[in-house]
Amino acid sequence: MNYTLSNQDQTTPPKSASIIAAIKRLWPFLKADKLRIAGAFLAILINSGLTILAPITIGHAVDHFVLTRNSHGLLVYTGLVFLIYLGALLAGTIQTRLMGGVGQRVLFRLRSALFTRIQELPVAFFTQNKTGDLISRINNDTDKLNQFFSRSIMQLVGNVFVIIGAAIAMLVVQPNLGRFALVPAVGLALIAFVTSGWVKRKNFQSLQTLGGLSAEIQESLENMKVIIAFNRRDYFRKRFQSVNETNYRAAIWAGVANNTYVPLFSLASNVGTLIVVAYGLHLISIGQLTFGVLVSYLAYVNRFYDPLRQMAQLWADVQQAAAGWERIAEILNLSTNLPVISADRQNKTSSASVIAFDHVSFGYAADRQVLTDVSFSLAAGKTYAFVGPTGGGKTTTASLIARLYDPTEGMVSLEGRDLRTVDAEERASAIGFILQDPFLFTGTVGENIQYGGQHQRLSTSDLTTLLKKEGLADLLERFDQGLDTPVSASGGSLSLGQKQLIAFIRAVLRHPKLLILDEATANIDTVTEQLLGKILDRLPKSTTRVVIAHRLNTIENADEIFFVNSGTVTRAGSLKDAVAMLKEQSRTS
């Protein structure tokens with residue numbers, strides 16, 4: 001399954017679903033706030049209605065009280081207009097308070113859903129996509145939606161109500177004058193319709209290049225030790241300059257697109273006002289319009305075109321939110337290609353093997369087969385070694401055992417059960433995996449030892465007691481502060497040997513049925529390697545070990561050796577036979 005997301009080189013967003021479909025997809029994130037949203041919509045409707053009522057009230061006061069010098073009536077209507085504006089202010093305040101936290105809650109739920117979905121995806125997803133781009137989607141793209149729900153949506157809805165109300169009022173009070181006043185708006189609507197796709201595309205490209213910029217920064221910072229060691233700051237500086245410049249150009253075009261409407265809306269407002277003044281004075285001169293109604297019309301033109309000017313910026317926010325949603329929805333629409341299938345669908349066998357491959361074939365891509373029709377079984381309590389040339393398929397075999405991938409053909413079974421029927425928790429408990437360079441999380445040695453095991457969240461004293469029981473407490477002397485020794489995510493505060501000690505200790509504490517060591521001792525000294533060997537000796541006698549190694553001295557005590565090369569896994573027999581097969585492969589390659 002292809003998990004490659006749209007990247008920064010893509011110039012157009014993925015084909016978007018309909019607005020209704022997008023709202024349905026977003027509704028789960030909004031549903032918990034539906035009462036607040038309904039209240040906010042009611043408040044904005046009241047605010048808009050009062051805003052529309054004010055001009056006609058002012059116009060009536062001008063015709064009946066200002067021109068007739070009726071001070072009492074003018075005073076009464078002044079109070080009435082004040083109450084109208086006060087009511088609009090209160091309604092607007094209520095709407096703001098109700099919607100103030102909705103955006104943040106939507107942001108919280110959306111980021112949680114995104115992170116949860118990402119965690120559900122298989123290893124293939126992470127090998128096909130850049131970490132920095134994923135971070136940008138979780139942080140930057142979701143924030144665009146937060147801004148939209150916190151600020152833009154209610155302004156947008158309120159402006160729509162005001163625009164519609166003002167248009168209806170103008171057409172009802174004086175239809176001819178109203179039609180002339182709305183002519184510029186028709187031109188704006190056509191322009192917006194024609195250019196909306198271009199605006200959205202430019203915002204999408206800006207977000208994509210921002211994701212690429214984040215990915216480049218993340219990659220450079222993660223590999224700073226290598227950059228400094230090889231003195232290649234110039235190379236990565238040029239790479240950063242390139243992606244930064246790409247993002248700069250995309251951001252400039254997005255800014256141009258987002259601000260295109262602002263002068264056009266201002267021009268339309270001015271033209272609409274000029275039409276109302278000129279034609280309105282003409283209607284007054286022939287007795288078809290009063291001065292008070294003209295005052296109302298000028299207010300309605302302002303009520304109509306001012307929100308349109310605001311919507312020029314709001315429309316840019318909408319396009320940014322839409323572009324961000326496209327990138328978010330890409331991840332939310334993904335599903336794992338490693339589902340746990342129902343137990344009644346499994347092909348259960350009577351094998352007593354811990355792990356068995358039954359005519360397994362696998363390739364990372366359809367045209368790149370790594371393993372072909374492989375069959376073997378591993379018995380409990382034995383040590384198996386997988387040797388072979390680089391790229392022969394050793395790590396791929398181990399990845400299939402740990403179900404980081406599923407075979408394209410055949411079946412991998414755990415104690416006679418199709419591995420696909422075993423849930424993630426049971427599989428992780430049964431199968432341990434120690435890598436050549438284990439990853440550690442920011443925290444302490446104690447927290448990293450407990451990570452992922454059944455002894456999580458033990459106190460320092462309880463964990464010390466457990467380590468003593470397992471005969472591992474002496475190993476803590478390798479760390480300055482014992483279990484409380486600080487650990488950074490990069491592991492820079494610890495040596496490679498110390499990092500491997502942590503990985504081996506937490507593997508032993510889990511008591512897995514099968515332990516995979518993928519070049520786990522390749523880069524450490526002999527003394528540390530012997531110490532790690534003693535740690536492994538504390539595993540239960542029933543634990544099966546799978547050792548992947550290039551150094552033959554690390555597999556001399558293996559019960560059985562497999563030679564992995566060119567898509568095949570062959571029993572090599574003795575260590576001498578394995579050496580001969582390696583020499584033959586080197587000679588013929």
# chains A, B, ... in the order shown; residues from 1 in each chain; ligands from 1
$ closest_atom_pairs --of "segment 505-531 of chain A" --to "segment 387-399 of chain A" --cutoff "10 Å" --atoms "only C-alpha atoms" --output "CSV"
residue,atom,partner,partner_atom,distance
A:Ile516,CA,A:Ala398,CA,7.0
A:Leu517,CA,A:Ala398,CA,8.9
A:Asp518,CA,A:Thr395,CA,6.9
A:Glu519,CA,A:Thr395,CA,9.2
$ residues_around --residues "Asp373 of chain A" --least-positions-apart "6" --cutoff "12 Å" --atoms "only C-alpha atoms" --output "list in words"
Phe357, Asp358, His359, Val360, Ser361, Phe362, Gly363, Pro407, Thr408, Glu409, Gly410, Met411, Val412, Ser566, Gly567, Thr568, Val569 and Thr570 of chain A
$ write_last_selection --atoms "C-alpha atoms" --output "short mmCIF file (atom, residue, chain, number, x, y, z; two decimals), in the first residue's frame"
data_model
loop_
_atom_site.label_atom_id
_atom_site.label_comp_id
_atom_site.auth_asym_id
_atom_site.auth_seq_id
_atom_site.Cartn_x
_atom_site.Cartn_y
_atom_site.Cartn_z
CA PHE A 357 7.28 -19.02 7.80
CA ASP A 358 5.05 -20.88 5.37
CA HIS A 359 5.89 -20.10 1.72
CA VAL A 360 6.39 -16.42 2.51
CA SER A 361 7.14 -13.85 -0.17
CA PHE A 362 7.57 -10.13 0.38
CA GLY A 363 8.60 -6.95 -1.39
CA PRO A 407 4.00 -10.88 3.66
CA THR A 408 2.59 -10.40 0.19
CA GLU A 409 2.17 -14.16 -0.04
CA GLY A 410 2.23 -17.00 2.47
CA MET A 411 1.81 -16.85 6.23
CA VAL A 412 3.87 -16.09 9.33
CA SER A 566 18.80 -13.02 -2.96
CA GLY A 567 15.34 -13.63 -1.54
CA THR A 568 16.04 -17.06 -0.06
CA VAL A 569 16.59 -18.32 3.50
CA THR A 570 18.71 -21.51 3.55
#
$ closest_residue --among "A:Ala572, A:Val354, A:Ile52, A:Val102" --to "Ile84 of chain A" --atoms "only C-alpha atoms"
A:Ile52
$ closest_atom_pairs --of "segment 497-587 of chain A" --to "segment 434-451 of chain A" --cutoff "8 Å" --atoms "only C-alpha atoms" --output "tab-separated table"
residue	atom	partner	partner_atom	distance
A:Lys499	CA	A:Pro438	CA	6.8
A:Gln500	CA	A:Pro438	CA	6.7
A:Ile502	CA	A:Ile449	CA	5.9
A:Ala503	CA	A:Ile434	CA	6.5
A:Phe504	CA	A:Ile434	CA	7.2
A:Ile505	CA	A:Ile449	CA	6.7
A:Arg506	CA	A:Ile449	CA	4.8
A:Ala507	CA	A:Ile434	CA	7.6
A:Leu515	CA	A:Ile434	CA	7.7
A:Ile516	CA	A:Ile434	CA	6.1
A:Leu517	CA	A:Ile434	CA	5.0
A:Asp518	CA	A:Leu435	CA	5.1
A:Glu519	CA	A:Gln436	CA	5.0
A:Ala520	CA	A:Gln436	CA	4.1
A:Thr521	CA	A:Gln436	CA	6.7
A:Ala522	CA	A:Gln436	CA	6.7
A:Asn523	CA	A:Gln436	CA	7.5
$ select_by_dssp --residues "segment 364-530 of chain A" --states "alpha helix (DSSP H)" --output "PyMOL selection string"
chain A and resi 394-401+424-430+445-450+460-469+496-510+526-530
$ select_by_dssp --residues "segment 231-460 of chain A" --states "strand (DSSP E or B)" --output "number ranges by chain"
A: 355-365, 368-378, 383-387, 409-414, 417-418, 431-434, 443-444
$ write_last_selection --atoms "N, CA and C atoms" --output "tab-separated table (two decimals), in the first residue's frame"
chain	number	residue	atom	x	y	z
A	355	ILE	N	7.92	-19.46	15.94
A	355	ILE	CA	7.68	-18.72	14.70
A	355	ILE	C	7.86	-19.67	13.53
A	356	ALA	N	6.97	-19.56	12.55
A	356	ALA	CA	7.10	-20.37	11.34
A	356	ALA	C	6.75	-19.53	10.13
A	357	PHE	N	7.56	-19.64	9.09
A	357	PHE	CA	7.28	-19.02	7.80
A	357	PHE	C	6.79	-20.12	6.87
A	358	ASP	N	5.63	-19.89	6.26
A	358	ASP	CA	5.05	-20.88	5.37
A	358	ASP	C	4.91	-20.28	3.97
A	359	HIS	N	5.89	-20.58	3.11
A	359	HIS	CA	5.89	-20.10	1.72
A	359	HIS	C	5.68	-18.59	1.65
A	360	VAL	N	6.50	-17.87	2.40
A	360	VAL	CA	6.39	-16.42	2.51
A	360	VAL	C	7.16	-15.72	1.40
A	361	SER	N	6.49	-14.75	0.79
A	361	SER	CA	7.14	-13.85	-0.17
A	361	SER	C	6.82	-12.41	0.25
A	362	PHE	N	7.77	-11.52	-0.03
A	362	PHE	CA	7.57	-10.13	0.38
A	362	PHE	C	8.42	-9.20	-0.46
A	363	GLY	N	7.86	-8.01	-0.73
A	363	GLY	CA	8.60	-6.95	-1.39
A	363	GLY	C	8.10	-5.61	-0.91
A	364	TYR	N	9.00	-4.64	-0.75
A	364	TYR	CA	8.58	-3.30	-0.32
A	364	TYR	C	7.82	-2.58	-1.42
A	365	ALA	N	8.05	-3.00	-2.65
A	365	ALA	CA	7.31	-2.47	-3.80
A	365	ALA	C	6.99	-3.64	-4.71
A	368	ARG	N	9.89	-4.94	-6.59
A	368	ARG	CA	11.14	-5.16	-5.85
A	368	ARG	C	10.93	-6.24	-4.80
A	369	GLN	N	11.07	-7.50	-5.22
A	369	GLN	CA	10.87	-8.63	-4.33
A	369	GLN	C	12.12	-8.84	-3.48
A	370	VAL	N	11.92	-8.97	-2.15
A	370	VAL	CA	13.04	-9.16	-1.24
A	370	VAL	C	13.14	-10.62	-0.80
A	371	LEU	N	12.01	-11.24	-0.50
A	371	LEU	CA	11.97	-12.65	-0.12
A	371	LEU	C	11.02	-13.38	-1.06
A	372	THR	N	11.40	-14.61	-1.42
A	372	THR	CA	10.59	-15.39	-2.36
A	372	THR	C	10.40	-16.81	-1.85
A	373	ASP	N	9.15	-17.17	-1.57
A	373	ASP	CA	8.77	-18.53	-1.19
A	373	ASP	C	9.67	-19.09	-0.08
A	374	VAL	N	9.72	-18.37	1.04
A	374	VAL	CA	10.58	-18.75	2.16
A	374	VAL	C	9.78	-19.56	3.17
A	375	SER	N	10.34	-20.68	3.61
A	375	SER	CA	9.71	-21.51	4.65
A	375	SER	C	10.77	-21.96	5.65
A	376	PHE	N	10.51	-21.75	6.93
A	376	PHE	CA	11.36	-22.26	7.99
A	376	PHE	C	10.59	-22.15	9.30
A	377	SER	N	11.09	-22.77	10.34
A	377	SER	CA	10.45	-22.70	11.65
A	377	SER	C	11.51	-22.58	12.73
A	378	LEU	N	11.16	-21.92	13.83
A	378	LEU	CA	12.06	-21.70	14.95
A	378	LEU	C	11.44	-22.32	16.20
A	383	THR	N	18.73	-20.78	19.93
A	383	THR	CA	19.30	-19.55	19.38
A	383	THR	C	19.55	-19.76	17.89
A	384	TYR	N	19.00	-18.86	17.08
A	384	TYR	CA	19.13	-18.95	15.63
A	384	TYR	C	19.87	-17.72	15.12
A	385	ALA	N	20.76	-17.93	14.18
A	385	ALA	CA	21.52	-16.84	13.59
A	385	ALA	C	21.13	-16.69	12.12
A	386	PHE	N	20.97	-15.45	11.69
A	386	PHE	CA	20.69	-15.15	10.29
A	386	PHE	C	21.87	-14.33	9.76
A	387	VAL	N	22.58	-14.91	8.81
A	387	VAL	CA	23.76	-14.25	8.25
A	387	VAL	C	23.56	-14.10	6.74
A	409	GLU	N	2.69	-12.81	0.17
A	409	GLU	CA	2.17	-14.16	-0.04
A	409	GLU	C	2.62	-15.03	1.13
A	410	GLY	N	1.86	-16.08	1.40
A	410	GLY	CA	2.23	-17.00	2.47
A	410	GLY	C	1.78	-16.51	3.83
A	411	MET	N	2.26	-17.17	4.88
A	411	MET	CA	1.81	-16.85	6.23
A	411	MET	C	2.95	-16.96	7.23
A	412	VAL	N	2.97	-16.02	8.18
A	412	VAL	CA	3.87	-16.09	9.33
A	412	VAL	C	3.01	-16.45	10.53
A	413	SER	N	3.41	-17.46	11.29
A	413	SER	CA	2.60	-17.90	12.43
A	413	SER	C	3.40	-17.80	13.72
A	414	LEU	N	2.69	-17.48	14.80
A	414	LEU	CA	3.25	-17.42	16.15
A	414	LEU	C	2.61	-18.53	16.96
A	417	ARG	N	-0.44	-19.88	15.41
A	417	ARG	CA	-1.50	-18.92	15.09
A	417	ARG	C	-1.02	-17.95	14.02
A	418	ASP	N	-1.89	-17.70	13.07
A	418	ASP	CA	-1.58	-16.68	12.06
A	418	ASP	C	-1.23	-15.39	12.80
A	431	ILE	N	7.13	-10.82	21.49
A	431	ILE	CA	8.29	-10.65	20.60
A	431	ILE	C	9.04	-9.39	20.98
A	432	GLY	N	10.29	-9.52	21.38
A	432	GLY	CA	11.14	-8.38	21.69
A	432	GLY	C	12.05	-8.06	20.52
A	433	PHE	N	12.46	-6.80	20.41
A	433	PHE	CA	13.27	-6.36	19.26
A	433	PHE	C	14.33	-5.40	19.79
A	434	ILE	N	15.61	-5.75	19.62
A	434	ILE	CA	16.70	-4.86	20.00
A	434	ILE	C	17.46	-4.47	18.74
A	443	GLY	N	13.88	11.65	29.32
A	443	GLY	CA	13.40	11.25	30.65
A	443	GLY	C	14.57	10.78	31.49
A	444	THR	N	14.40	9.65	32.13
A	444	THR	CA	15.46	9.06	32.96
A	444	THR	C	15.73	7.64	32.51
$ residues_around --residues "segment 247-254 of chain A" --least-positions-apart "4" --cutoff "8 Å" --atoms "only C-alpha atoms" --output "MDAnalysis selection string"
chainID A and resid 199 202:203 205:206 209:210 213 243 258
$ residues_around --residues "Leu308 of chain A" --least-positions-apart "2" --cutoff "8 Å" --atoms "only C-alpha atoms" --output "MDAnalysis selection string"
chainID A and resid 159 163 265 304:306 310:312
$ residues_around --residues "segment 141-147 of chain A" --least-positions-apart "6" --cutoff "6 Å" --atoms "only C-alpha atoms" --output "ChimeraX atom specification"
/A:103,107,321,324
$ decode --residues "segment 339-451 of chain A" --atoms "C-alpha atoms" --output "PDB file, in the first residue's frame"
ATOM      1  CA  PRO A 339      -5.270  -5.013  10.578  1.00  0.00           C
ATOM      2  CA  VAL A 340      -5.837  -7.706  13.185  1.00  0.00           C
ATOM      3  CA  ILE A 341      -8.054 -10.224  11.418  1.00  0.00           C
ATOM      4  CA  SER A 342     -10.753 -12.202  13.155  1.00  0.00           C
ATOM      5  CA  ALA A 343      -9.599 -15.400  14.875  1.00  0.00           C
ATOM      6  CA  ASP A 344     -12.177 -17.458  12.989  1.00  0.00           C
ATOM      7  CA  ARG A 345     -10.436 -16.491   9.742  1.00  0.00           C
ATOM      8  CA  GLN A 346      -6.994 -17.644  10.794  1.00  0.00           C
ATOM      9  CA  ASN A 347      -5.254 -20.573   9.200  1.00  0.00           C
ATOM     10  CA  LYS A 348      -4.363 -22.319  12.425  1.00  0.00           C
ATOM     11  CA  THR A 349      -1.703 -25.004  12.253  1.00  0.00           C
ATOM     12  CA  SER A 350      -0.614 -27.684  14.670  1.00  0.00           C
ATOM     13  CA  SER A 351       2.995 -26.462  14.622  1.00  0.00           C
ATOM     14  CA  ALA A 352       4.756 -26.293  17.975  1.00  0.00           C
ATOM     15  CA  SER A 353       7.217 -23.756  16.613  1.00  0.00           C
ATOM     16  CA  VAL A 354       7.456 -20.305  18.151  1.00  0.00           C
ATOM     17  CA  ILE A 355       7.677 -18.722  14.701  1.00  0.00           C
ATOM     18  CA  ALA A 356       7.100 -20.373  11.344  1.00  0.00           C
ATOM     19  CA  PHE A 357       7.284 -19.016   7.798  1.00  0.00           C
ATOM     20  CA  ASP A 358       5.053 -20.879   5.366  1.00  0.00           C
ATOM     21  CA  HIS A 359       5.892 -20.104   1.717  1.00  0.00           C
ATOM     22  CA  VAL A 360       6.387 -16.417   2.512  1.00  0.00           C
ATOM     23  CA  SER A 361       7.140 -13.850  -0.173  1.00  0.00           C
ATOM     24  CA  PHE A 362       7.572 -10.133   0.379  1.00  0.00           C
ATOM     25  CA  GLY A 363       8.601  -6.954  -1.389  1.00  0.00           C
ATOM     26  CA  TYR A 364       8.583  -3.304  -0.325  1.00  0.00           C
ATOM     27  CA  ALA A 365       7.314  -2.467  -3.797  1.00  0.00           C
ATOM     28  CA  ALA A 366       5.522  -4.543  -6.396  1.00  0.00           C
ATOM     29  CA  ASP A 367       8.585  -4.579  -8.652  1.00  0.00           C
ATOM     30  CA  ARG A 368      11.143  -5.158  -5.849  1.00  0.00           C
ATOM     31  CA  GLN A 369      10.873  -8.632  -4.331  1.00  0.00           C
ATOM     32  CA  VAL A 370      13.038  -9.163  -1.236  1.00  0.00           C
ATOM     33  CA  LEU A 371      11.966 -12.648  -0.118  1.00  0.00           C
ATOM     34  CA  THR A 372      10.591 -15.385  -2.359  1.00  0.00           C
ATOM     35  CA  ASP A 373       8.770 -18.527  -1.189  1.00  0.00           C
ATOM     36  CA  VAL A 374      10.581 -18.751   2.155  1.00  0.00           C
ATOM     37  CA  SER A 375       9.711 -21.507   4.646  1.00  0.00           C
ATOM     38  CA  PHE A 376      11.364 -22.262   7.992  1.00  0.00           C
ATOM     39  CA  SER A 377      10.453 -22.699  11.655  1.00  0.00           C
ATOM     40  CA  LEU A 378      12.060 -21.700  14.946  1.00  0.00           C
ATOM     41  CA  ALA A 379      11.699 -23.892  18.020  1.00  0.00           C
ATOM     42  CA  ALA A 380      11.357 -22.623  21.566  1.00  0.00           C
ATOM     43  CA  GLY A 381      14.450 -22.088  23.667  1.00  0.00           C
ATOM     44  CA  LYS A 382      16.995 -22.191  20.840  1.00  0.00           C
ATOM     45  CA  THR A 383      19.304 -19.551  19.379  1.00  0.00           C
ATOM     46  CA  TYR A 384      19.132 -18.948  15.627  1.00  0.00           C
ATOM     47  CA  ALA A 385      21.516 -16.843  13.589  1.00  0.00           C
ATOM     48  CA  PHE A 386      20.689 -15.146  10.288  1.00  0.00           C
ATOM     49  CA  VAL A 387      23.757 -14.252   8.247  1.00  0.00           C
ATOM     50  CA  GLY A 388      24.303 -13.062   4.726  1.00  0.00           C
ATOM     51  CA  PRO A 389      25.444 -10.117   2.621  1.00  0.00           C
ATOM     52  CA  THR A 390      24.151  -6.596   3.102  1.00  0.00           C
ATOM     53  CA  GLY A 391      20.780  -6.209   1.397  1.00  0.00           C
ATOM     54  CA  GLY A 392      20.166  -9.947   1.372  1.00  0.00           C
ATOM     55  CA  GLY A 393      16.972  -9.749   3.416  1.00  0.00           C
ATOM     56  CA  LYS A 394      18.017 -10.399   7.037  1.00  0.00           C
ATOM     57  CA  THR A 395      16.382  -7.336   8.568  1.00  0.00           C
ATOM     58  CA  THR A 396      13.351  -7.809   6.328  1.00  0.00           C
ATOM     59  CA  THR A 397      12.958 -11.335   7.714  1.00  0.00           C
ATOM     60  CA  ALA A 398      13.157  -9.975  11.257  1.00  0.00           C
ATOM     61  CA  SER A 399      10.628  -7.244  10.406  1.00  0.00           C
ATOM     62  CA  LEU A 400       8.164  -9.865   9.187  1.00  0.00           C
ATOM     63  CA  ILE A 401       8.665 -11.847  12.411  1.00  0.00           C
ATOM     64  CA  ALA A 402       7.837  -8.720  14.440  1.00  0.00           C
ATOM     65  CA  ARG A 403       4.979  -7.896  12.051  1.00  0.00           C
ATOM     66  CA  LEU A 404       6.306  -4.527  11.035  1.00  0.00           C
ATOM     67  CA  TYR A 405       5.089  -5.677   7.608  1.00  0.00           C
ATOM     68  CA  ASP A 406       2.817  -8.443   6.343  1.00  0.00           C
ATOM     69  CA  PRO A 407       3.996 -10.881   3.664  1.00  0.00           C
ATOM     70  CA  THR A 408       2.588 -10.400   0.195  1.00  0.00           C
ATOM     71  CA  GLU A 409       2.173 -14.165  -0.040  1.00  0.00           C
ATOM     72  CA  GLY A 410       2.230 -17.004   2.468  1.00  0.00           C
ATOM     73  CA  MET A 411       1.809 -16.852   6.231  1.00  0.00           C
ATOM     74  CA  VAL A 412       3.872 -16.091   9.326  1.00  0.00           C
ATOM     75  CA  SER A 413       2.602 -17.902  12.432  1.00  0.00           C
ATOM     76  CA  LEU A 414       3.251 -17.417  16.145  1.00  0.00           C
ATOM     77  CA  GLU A 415       2.918 -20.702  18.068  1.00  0.00           C
ATOM     78  CA  GLY A 416       0.666 -22.051  15.321  1.00  0.00           C
ATOM     79  CA  ARG A 417      -1.504 -18.922  15.087  1.00  0.00           C
ATOM     80  CA  ASP A 418      -1.579 -16.681  12.063  1.00  0.00           C
ATOM     81  CA  LEU A 419       0.419 -13.658  13.223  1.00  0.00           C
ATOM     82  CA  ARG A 420      -2.284 -11.402  11.756  1.00  0.00           C
ATOM     83  CA  THR A 421      -4.781 -12.633  14.373  1.00  0.00           C
ATOM     84  CA  VAL A 422      -2.547 -11.637  17.287  1.00  0.00           C
ATOM     85  CA  ASP A 423      -3.343  -8.178  18.655  1.00  0.00           C
ATOM     86  CA  ALA A 424      -0.575  -5.597  19.004  1.00  0.00           C
ATOM     87  CA  GLU A 425      -0.318  -5.832  22.799  1.00  0.00           C
ATOM     88  CA  GLU A 426       0.061  -9.607  22.830  1.00  0.00           C
ATOM     89  CA  ARG A 427       2.506  -9.522  19.924  1.00  0.00           C
ATOM     90  CA  ALA A 428       4.681  -6.852  21.569  1.00  0.00           C
ATOM     91  CA  SER A 429       4.691  -8.863  24.788  1.00  0.00           C
ATOM     92  CA  ALA A 430       5.683 -12.071  22.996  1.00  0.00           C
ATOM     93  CA  ILE A 431       8.291 -10.651  20.603  1.00  0.00           C
ATOM     94  CA  GLY A 432      11.142  -8.383  21.689  1.00  0.00           C
ATOM     95  CA  PHE A 433      13.267  -6.360  19.258  1.00  0.00           C
ATOM     96  CA  ILE A 434      16.703  -4.861  20.000  1.00  0.00           C
ATOM     97  CA  LEU A 435      18.162  -2.657  17.281  1.00  0.00           C
ATOM     98  CA  GLN A 436      21.747  -1.748  16.477  1.00  0.00           C
ATOM     99  CA  ASP A 437      21.145   1.822  17.713  1.00  0.00           C
ATOM    100  CA  PRO A 438      18.161   1.734  20.086  1.00  0.00           C
ATOM    101  CA  PHE A 439      16.023   4.835  20.432  1.00  0.00           C
ATOM    102  CA  LEU A 440      15.674   6.396  23.877  1.00  0.00           C
ATOM    103  CA  PHE A 441      13.048   8.904  25.001  1.00  0.00           C
ATOM    104  CA  THR A 442      13.684  12.080  26.946  1.00  0.00           C
ATOM    105  CA  GLY A 443      13.404  11.249  30.646  1.00  0.00           C
ATOM    106  CA  THR A 444      15.460   9.057  32.955  1.00  0.00           C
ATOM    107  CA  VAL A 445      17.141   5.681  32.712  1.00  0.00           C
ATOM    108  CA  GLY A 446      14.375   4.214  34.880  1.00  0.00           C
ATOM    109  CA  GLU A 447      11.610   5.569  32.635  1.00  0.00           C
ATOM    110  CA  ASN A 448      13.328   4.210  29.530  1.00  0.00           C
ATOM    111  CA  ILE A 449      13.784   0.781  31.126  1.00  0.00           C
ATOM    112  CA  GLN A 450      10.068   0.631  31.870  1.00  0.00           C
ATOM    113  CA  TYR A 451       9.020   1.953  28.466  1.00  0.00           C
TER     114      TYR A 451
END
